[in-house]
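Q: Structure file start_6.cif, mmCIF, C-alpha atoms, is pasted below:
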data_structure
loop_
_atom_site.label_atom_id
_atom_site.label_comp_id
_atom_site.auth_asym_id
_atom_site.auth_seq_id
_atom_site.Cartn_x
_atom_site.Cartn_y
_atom_site.Cartn_z
CA MET A 8 -53.75 12.26 -44.00
CA ARG A 9 -50.78 14.47 -44.77
CA ARG A 10 -50.65 15.49 -41.11
CA VAL A 11 -50.49 11.84 -40.03
CA GLY A 12 -47.66 11.10 -42.48
CA ALA A 13 -45.72 14.15 -41.32
CA ALA A 14 -46.13 13.11 -37.68
CA LEU A 15 -44.89 9.59 -38.42
CA ALA A 16 -41.88 10.96 -40.28
CA ALA A 17 -41.05 13.31 -37.42
CA ALA A 18 -41.32 10.47 -34.89
CA SER A 19 -39.02 8.29 -37.00
CA VAL A 20 -36.40 11.02 -37.23
CA ALA A 21 -36.59 11.62 -33.46
CA GLY A 22 -36.23 7.90 -32.75
CA LEU A 23 -33.20 7.56 -35.01
CA GLY A 24 -31.66 10.62 -33.35
CA ALA A 25 -32.13 9.10 -29.91
CA VAL A 26 -30.51 5.83 -31.02
CA ALA A 27 -27.57 7.68 -32.53
CA ALA A 28 -27.13 9.76 -29.38
CA THR A 29 -27.22 6.63 -27.23
CA VAL A 30 -24.58 4.95 -29.39
CA TRP A 31 -22.39 8.06 -29.27
CA ILE A 32 -22.67 8.39 -25.46
CA GLY A 33 -21.99 4.69 -25.03
CA ALA A 34 -18.87 4.98 -27.15
CA ARG A 35 -17.66 7.90 -25.01
CA VAL A 36 -18.12 6.20 -21.62
CA ARG A 37 -17.29 2.57 -22.46
CA GLU A 38 -14.86 0.73 -20.18
CA GLU A 39 -11.42 -0.16 -21.47
CA THR A 40 -11.18 -3.62 -22.95
CA VAL A 41 -10.44 -6.17 -20.25
CA VAL A 42 -8.80 -8.64 -22.59
CA ALA A 43 -8.05 -7.35 -26.06
CA ARG A 44 -6.97 -10.77 -27.36
CA PRO A 45 -8.71 -13.48 -25.32
CA TYR A 46 -7.12 -16.39 -27.24
CA ALA A 47 -3.58 -15.07 -26.79
CA GLU A 48 -4.34 -14.26 -23.16
CA GLY A 49 -5.53 -17.81 -22.61
CA LEU A 50 -2.33 -19.22 -24.09
CA GLY A 51 -0.33 -16.93 -21.81
CA GLN A 52 -2.20 -18.17 -18.75
CA ASP A 53 -1.53 -21.78 -19.73
CA ALA A 54 2.17 -20.98 -20.10
CA ASP A 55 2.16 -19.33 -16.67
CA ARG A 56 0.57 -22.40 -15.10
CA ARG A 57 3.18 -24.68 -16.66
CA ALA A 58 6.01 -22.39 -15.50
CA ARG A 59 4.63 -22.27 -11.95
CA ALA A 60 4.41 -26.06 -11.86
CA ALA A 61 7.94 -26.45 -13.22
CA LEU A 62 9.62 -23.94 -10.87
CA GLY A 63 7.39 -24.53 -7.86
CA LEU A 64 7.53 -20.92 -6.66
CA GLY A 65 5.32 -19.59 -3.89
CA VAL A 66 4.63 -16.02 -2.79
CA SER A 67 3.16 -14.55 0.38
CA ILE A 68 2.47 -10.91 1.19
CA ASP A 69 4.10 -9.84 4.45
CA GLY A 70 3.20 -7.36 7.11
CA PRO A 71 0.02 -5.91 8.59
CA PRO A 72 -3.30 -5.65 6.68
CA LEU A 73 -2.91 -3.85 3.38
CA GLU A 74 -3.94 -0.20 3.24
CA ALA A 75 -4.26 2.40 0.51
CA GLY A 76 -1.62 5.09 0.50
CA GLU A 77 2.12 5.53 0.30
CA ARG A 78 3.72 2.39 1.68
CA PRO A 79 5.90 -0.23 -0.03
CA LEU A 80 4.50 -3.67 -0.77
CA ARG A 81 6.50 -6.37 1.02
CA PHE A 82 6.36 -10.07 0.16
CA ALA A 83 8.30 -13.32 0.44
CA LEU A 84 9.32 -15.73 -2.31
CA VAL A 85 10.12 -19.41 -1.71
CA ASP A 86 10.90 -22.39 -3.94
CA ARG A 87 9.12 -25.75 -3.96
CA ASP A 88 11.10 -26.85 -0.87
CA GLY A 89 10.23 -23.70 1.08
CA ARG A 90 13.69 -22.20 0.70
CA PRO A 91 13.93 -18.40 0.25
CA VAL A 92 14.40 -17.10 -3.29
CA GLU A 93 16.91 -14.25 -3.56
CA GLU A 94 18.67 -14.56 -6.92
CA ALA A 95 15.94 -13.29 -9.25
CA ALA A 96 14.59 -10.26 -11.09
CA VAL A 97 11.11 -9.39 -9.82
CA ALA A 98 8.54 -6.82 -10.92
CA VAL A 99 5.18 -6.11 -9.28
CA GLU A 100 2.01 -4.84 -10.95
CA LEU A 101 -1.21 -3.71 -9.25
CA SER A 102 -4.51 -3.51 -11.13
CA ARG A 103 -8.21 -3.42 -10.43
CA PRO A 104 -10.05 -6.72 -11.08
CA GLU A 105 -11.92 -6.98 -14.37
CA THR A 106 -10.44 -3.78 -15.82
CA SER A 107 -7.17 -2.44 -17.13
CA ARG A 108 -7.60 0.95 -15.45
CA GLY A 109 -5.55 2.07 -12.48
CA ALA A 110 -2.60 -0.27 -13.13
CA VAL A 111 0.72 0.64 -11.49
CA GLU A 112 3.99 -1.30 -11.56
CA ALA A 113 7.52 -1.15 -10.19
CA PRO A 114 10.59 -3.37 -9.82
CA ALA A 115 11.13 -5.13 -6.48
CA HIS A 116 14.37 -5.25 -4.54
CA PRO A 117 15.54 -7.99 -2.14
CA GLU A 118 15.70 -7.31 1.59
CA GLY A 119 17.36 -10.60 2.55
CA GLY A 120 16.08 -14.00 3.58
CA GLY A 121 13.75 -14.30 0.59
CA ARG A 122 11.94 -11.10 1.49
CA TRP A 123 11.29 -8.45 -1.15
CA ALA A 124 9.84 -4.93 -1.33
CA ALA A 125 8.42 -2.91 -4.22
CA ASP A 126 7.76 0.82 -4.09
CA VAL A 127 4.17 0.58 -5.26
CA ALA A 128 1.18 1.87 -3.33
CA PHE A 129 -2.47 0.95 -3.69
CA PRO A 130 -4.17 4.14 -4.93
CA ALA A 131 -7.52 3.38 -3.27
CA PRO A 132 -9.19 0.84 -0.98
CA GLY A 133 -11.06 -2.16 -2.37
CA PRO A 134 -10.10 -5.35 -4.24
CA TRP A 135 -6.85 -5.37 -6.22
CA ASP A 136 -4.97 -7.95 -8.29
CA VAL A 137 -1.24 -8.22 -7.56
CA ARG A 138 1.01 -9.80 -10.20
CA PHE A 139 4.57 -10.88 -9.47
CA ASP A 140 6.73 -11.38 -12.58
CA VAL A 141 9.74 -13.45 -11.52
CA ILE A 142 12.73 -14.20 -13.75
CA LEU A 143 15.08 -16.96 -12.58
CA ALA A 144 17.89 -18.92 -14.16
CA GLY A 145 15.36 -21.72 -14.77
CA GLY A 146 12.80 -19.55 -16.52
CA ARG A 147 10.13 -16.92 -16.02
CA VAL A 148 6.88 -17.21 -14.09
CA ARG A 149 3.97 -14.95 -13.14
CA LEU A 150 2.31 -15.36 -9.74
CA GLU A 151 -1.01 -13.67 -8.97
CA ARG A 152 -2.85 -12.80 -5.77
CA ARG A 153 -6.16 -10.98 -5.24
CA VAL A 154 -6.10 -8.88 -2.08
CA ALA A 155 -8.50 -6.67 -0.14
CA VAL A 156 -7.12 -3.20 0.62
CA ALA A 157 -8.47 -1.16 3.52
CA ALA A 158 -8.69 2.61 3.87
CA PRO A 159 -5.60 4.18 5.48
CA CYS A 160 -5.35 3.88 9.26
CA ASP A 161 -6.01 7.12 11.17
CA LEU A 162 -3.95 7.77 14.31
CA ALA A 163 -6.61 10.24 15.39
CA ALA A 164 -9.02 7.29 15.73
CA GLY A 165 -6.72 4.61 17.15
CA PRO A 166 -3.27 2.94 17.00
CA CYS A 167 -1.81 2.19 13.57
CA THR A 168 0.72 -0.41 12.38
CA ARG A 169 3.30 0.06 9.64
CA PRO A 170 6.16 -2.08 8.28
CA LEU A 171 9.67 -0.97 9.18
CA THR A 172 12.38 -0.47 6.60
CA GLY A 173 14.75 -3.38 7.06
CA GLY A 174 12.17 -5.76 8.53
CA GLY A 175 9.61 -6.07 11.28
CA GLU A 176 6.69 -3.75 11.98
CA VAL A 177 5.81 -1.08 14.52
CA THR A 178 2.54 0.07 16.09
CA LEU A 179 2.24 3.73 17.09
CA ASP A 180 -0.38 5.00 19.53
CA LEU A 181 -0.94 8.68 20.38
CA GLY A 182 -3.23 10.07 23.05
CA PRO A 183 -5.30 11.34 24.62
CA ARG A 184 -7.85 11.76 21.87
CA PRO A 185 -8.90 13.99 20.22
CA LEU A 186 -5.31 14.82 19.27
CA ARG A 187 -4.58 18.52 19.84
CA THR A 188 -1.71 20.97 19.47
CA LEU A 189 -0.09 22.71 22.47
CA ALA A 190 -1.15 19.83 24.73
CA ASP A 191 0.77 16.93 26.27
CA LEU A 192 0.74 14.05 23.82
CA ARG A 193 1.35 10.51 25.07
CA VAL A 194 3.46 8.43 22.65
CA ARG A 195 3.68 4.64 22.75
CA VAL A 196 5.54 2.37 20.33
CA ASN A 197 5.35 -1.44 20.11
CA VAL A 198 7.76 -3.35 17.88
CA ARG A 199 7.12 -6.76 16.35
CA GLU A 200 10.06 -8.42 14.68
CA GLY A 201 9.85 -10.57 11.53
CA GLU A 202 8.68 -14.14 11.96
CA GLY A 203 8.56 -17.31 9.88
CA ALA A 204 11.01 -19.33 7.83
CA THR A 205 11.62 -16.54 5.32
CA ALA A 206 12.07 -13.75 7.86
CA ALA A 207 15.58 -12.41 8.24
CA PRO A 208 16.82 -12.21 11.85
CA THR A 209 16.56 -8.65 13.17
CA PRO A 210 18.54 -7.47 16.22
CA ALA A 211 16.54 -5.90 19.03
CA PRO A 212 16.54 -2.07 18.94
CA THR A 213 18.54 -0.22 21.58
CA ALA A 214 16.85 3.18 21.15
CA ALA A 215 13.60 4.58 19.76
CA THR A 216 12.70 8.12 18.71
CA VAL A 217 9.65 9.80 17.19
CA SER A 218 9.88 12.95 15.07
CA PHE A 219 6.87 15.12 14.20
CA SER A 220 6.76 17.27 11.07
CA MET A 221 4.17 19.00 8.91
CA PRO A 222 4.52 18.29 5.15
CA GLY A 223 5.15 21.50 3.22
CA MET A 224 5.69 23.63 6.35
CA GLU A 225 8.79 24.43 8.41
CA MET A 226 7.75 23.80 12.01
CA GLY A 227 11.19 23.38 13.59
CA GLU A 228 12.71 20.17 14.91
CA ASN A 229 10.40 18.16 17.15
CA ARG A 230 12.18 14.92 18.02
CA VAL A 231 11.39 12.86 21.13
CA ARG A 232 13.56 10.10 22.56
CA LEU A 233 11.39 7.32 24.02
CA ALA A 234 12.13 5.23 27.11
CA ALA A 235 11.99 1.43 27.18
CA ALA A 236 8.73 0.19 28.73
CA GLY A 237 9.06 -3.60 28.48
CA PRO A 238 9.95 -6.09 25.73
CA GLY A 239 9.43 -4.38 22.36
CA ALA A 240 7.68 -1.38 23.99
CA TRP A 241 8.76 2.27 24.21
CA GLU A 242 7.00 5.30 25.72
CA GLY A 243 7.38 9.07 25.94
CA SER A 244 5.56 12.37 25.58
CA ALA A 245 5.56 15.23 23.10
CA VAL A 246 3.86 18.54 22.27
CA LEU A 247 2.74 19.55 18.79
CA VAL A 248 3.28 23.18 17.83
CA HIS A 249 0.24 25.09 16.60
CA CYS A 250 0.45 26.08 12.90
CA PRO A 251 -0.56 29.75 12.33
CA SER A 252 -1.90 28.85 8.87
CA GLY A 253 -4.46 26.50 10.42
CA ARG A 254 -3.08 23.39 8.73
CA ARG A 255 -3.65 20.14 10.65
CA GLY A 256 -1.84 17.44 8.66
CA TRP A 257 1.18 15.91 10.41
CA THR A 258 3.63 13.04 9.92
CA ALA A 259 5.09 11.01 12.77
CA GLU A 260 8.35 9.22 11.92
CA VAL A 261 9.36 6.36 14.21
CA GLU A 262 13.05 5.40 14.10
CA LEU A 263 14.48 2.35 15.84
CA SER A 264 18.26 2.28 16.33
CA THR A 265 20.47 -0.77 16.79
CA ALA A 266 24.21 -0.71 17.40
CA GLY A 267 26.10 -1.58 14.23
CA ALA A 268 23.00 -1.60 11.99
CA PRO A 269 21.10 1.00 9.96
CA GLY A 270 18.13 2.63 11.66
CA ARG A 271 14.70 1.25 10.79
CA ILE A 272 11.98 3.77 10.00
CA ALA A 273 8.19 3.88 9.65
CA ARG A 274 6.10 6.97 8.86
CA PHE A 275 2.52 7.67 10.00
CA PRO A 276 0.43 10.52 8.54
CA PHE A 277 -2.25 11.88 10.89
CA THR A 278 -4.41 14.89 11.68
CA ALA A 279 -4.32 16.89 14.92
CA GLY A 280 -6.99 19.42 15.81
CA GLY A 281 -6.75 22.88 17.38
CA GLU A 282 -5.42 23.91 20.75
CA ARG A 283 -6.79 22.59 24.00
CA PRO A 284 -10.09 24.41 24.75
#
Could the structure of this file be written out as structure tokens, please?
A:
Amino acid sequence: MRRVGAALAAASVAGLGAVAATVWIGARVREETVVARPYAEGLGQDADRRARAALGLGVSIDGPPLEAGERPLRFALVDRDGRPVEEAAVAVELSRPETSRGAVEAPAHPEGGGRWAADVAFPAPGPWDVRFDVILAGGRVRLERRVAVAAPCDLAAGPCTRPLTGGGEVTLDLGPRPLRTLADLRVRVNVREGEGATAAPTPAPTAATVSFSMPGMEMGENRVRLAAAGPGAWEGSAVLVHCPSGRRGWTAEVELSTAGAPGRIARFPFTAGGERP
């Protein structure tokens, strides 16, 4: 009988220990609170809805499909009549849905014609919530959009598109593939200017160049001037120098020049393999 009682006592102690361990582990790995004060958050959302209705602001995200990585977020702001909004203070915040982790934020700056840009980058692919905090003379409003972010484009797999500083976007295509060093590299650039009611007019470029560099390594200047190949198209050829260290990460910088205007730039990271076999 004593043995039975001792066994039951031991089982009880073990069970309580398991429960305590589970509670402790759960406390260590729990997710951050999504909404710490749900009532106050609800009141804030109601206020945002009233402000949106009163000011009639609208937002649209410009440019090619969103990708993770280092690229500014560009968007357009319009009022209830579709006119561009320029006189405002705007901040952008990115966060993962249903969690407060991974949030990043930055102020936005106007680019003209109701177009804005914020130096924030999506840290990873997947769904993200984008919040635009806009302060105008008539009040303050928060606009929200949920977006799907793709993995970064890889020039080694196909052409990639990036927004240009100053407006418009450019598609860069390198070939033949696989991309190799010490081999002739075909370079093609296609330019698409801004469109729509909020897009600022952009003069057509008069020259296009592509520069190749290796981050963190001094590889010498490698700058290629491209030749016009039709409306919005430029072509040329280049050769990538082999890196003795074996590194393969490169950056291609496309620059479009227009007389009397600042150059517009887009950067494309990519990987090039070894020398031609």
Q: With only C-alpha atoms as the basis for distance, which of A:Gly175, A:Gly227, A:Gly253, A:Pro183 is at the shortest distance from Gly239 (chain A)?
A: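 So, comparing all the options, the nearest one is A:Gly175.
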Q: So the first atom is CA of Val261 (chain A) and the second is CA of Ser67 (chain A); what is the distance between them in Å, to one decimal place?
A: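 Rounded to one decimal, the two atoms are 25.8 Å apart.
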Q: What is the distance, in Å and to one decimal place, between CA of Leu192 (chain A) and CA of Thr178 (chain A)?
A: 16.1 Å
Q: Which residue, A:Cys167, A:Ala75, A:Leu150, A:Leu162, has the smallest gap to Glu100 (chain A) when you use all atoms listed in the file?
A: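 Checking each candidate against Glu100 (chain A), we get A:Leu150 as the closest.
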Q: Pick from A:Val154, A:Ala235, A:Met221, A:Leu62: nearest to Trp257 (chain A), with only C-alpha atoms counted?
A: A:Met221
Q: (13.9, 17.1, 16.3) in this file's frame - what residues fall within 9 Å of it? Use all atoms listed in the file and give the answer as an MDAnalysis selection string.
A: chainID A and resid 217:220 227:231
Q: Dump C-alpha atoms for the selected residues as an mmCIF file, in the frame of the given file?
A:
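Printed below is again-v5.cif as written:
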data_model
loop_
_atom_site.group_PDB
_atom_site.id
_atom_site.type_symbol
_atom_site.label_atom_id
_atom_site.label_comp_id
_atom_site.auth_asym_id
_atom_site.auth_seq_id
_atom_site.Cartn_x
_atom_site.Cartn_y
_atom_site.Cartn_z
ATOM 1 C CA VAL A 217 9.650 9.800 17.190
ATOM 2 C CA SER A 218 9.880 12.950 15.070
ATOM 3 C CA PHE A 219 6.870 15.120 14.200
ATOM 4 C CA SER A 220 6.760 17.270 11.070
ATOM 5 C CA GLY A 227 11.190 23.380 13.590
ATOM 6 C CA GLU A 228 12.710 20.170 14.910
ATOM 7 C CA ASN A 229 10.400 18.160 17.150
ATOM 8 C CA ARG A 230 12.180 14.920 18.020
ATOM 9 C CA VAL A 231 11.390 12.860 21.130
#
Q: Tell me, in Å to one decimal, how far CA of Leu181 (chain A) is from CA of Met226 (chain A).
A: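 Pair CA of Leu181 (chain A) / CA of Met226 (chain A) returns 19.3 Å.
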Q: If you apply the PyMOL selection byres ((chain A and resi 271) around 7) to this file, what residues do you get, as a ChimeraX atom specification?
A: /A:171-173,262-264,269-270,272
Q: Run the PyMOL selection byres ((chain A and resi 79-94) around 8) mentally over the shown coordinates, then write out the matched residues as a list in words, using the chain letters and numbers from the document.
A: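 Taken over the shown coordinates, the PyMOL selection byres ((chain A and resi 79-94) around 8) returns Leu62, Gly63, Leu64, Gly65, Val66, Ser67, Ile68, Asp69, Gly70, Glu77, Arg78, Ala95, Ala96, Pro117, Gly119, Gly120, Gly121, Arg122, Trp123, Ala124, Ala125, Asp126, Val127, Ala128, Leu143 and Thr205 of chain A.
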Q: Name the residues that the PyMOL selection byres ((chain A and resi 140) around 7) pulls out of this structure, and write them as a list in words.
A: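 This file gives the following for the PyMOL selection byres ((chain A and resi 140) around 7): Val97, Ala98, Val99, Arg138, Phe139, Val141, Ile142, Val148, Arg149 and Leu150 of chain A.
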Q: Residues as selected, C-alpha atoms, written as a PDB file, in the frame of the given file, can you do that?
A:
ATOM      1  CA  VAL A  97      11.110  -9.390  -9.820  1.00  0.00           C
ATOM      2  CA  ALA A  98       8.540  -6.820 -10.920  1.00  0.00           C
ATOM      3  CA  VAL A  99       5.180  -6.110  -9.280  1.00  0.00           C
ATOM      4  CA  ARG A 138       1.010  -9.800 -10.200  1.00  0.00           C
ATOM      5  CA  PHE A 139       4.570 -10.880  -9.470  1.00  0.00           C
ATOM      6  CA  VAL A 141       9.740 -13.450 -11.520  1.00  0.00           C
ATOM      7  CA  ILE A 142      12.730 -14.200 -13.750  1.00  0.00           C
ATOM      8  CA  VAL A 148       6.880 -17.210 -14.090  1.00  0.00           C
ATOM      9  CA  ARG A 149       3.970 -14.950 -13.140  1.00  0.00           C
ATOM     10  CA  LEU A 150       2.310 -15.360  -9.740  1.00  0.00           C
TER      11      LEU A 150
END
Q: Please identify all polymer residues within 12 Å of Arg254 (chain A), counting all atoms listed in the file, omitting same-chain residues fewer than 4 positions from it, and present them as a ChimeraX atom specification.
A: /A:188,220-226,248-250,277-281
Q: Scan for residues within 10 Å of the point (6.0, -5.4, 18.0) in the coordinates of the file, using all atoms listed in the file, and reply as a list of chain:residue names.
A: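 Result, sorted by chain then residue number: A:Thr168, A:Gly175, A:Glu176, A:Val177, A:Thr178, A:Leu179, A:Val196, A:Asn197, A:Val198, A:Arg199, A:Glu200, A:Gly201, A:Pro238, A:Gly239, A:Ala240.
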Q: Here is a test: counting only C-alpha atoms, which residue of A:Gly174, A:Gly237, A:Gly165, A:Gly76 is nearest to Glu118 (chain A)?
A: A:Gly174
Q: Choose the residue, out of A:Ala211, A:Ala164, A:Leu247, A:Leu233, that has the smallest atom-to-atom separation from Thr265 (chain A); count only C-alpha atoms.
A: A:Ala211
Q: Measuring between only C-alpha atoms, which one of A:Val246, A:Ala155, A:Leu101, A:Ala190 shows the shortest distance to Asp136 (chain A)?
A: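 Closest candidate: A:Leu101.
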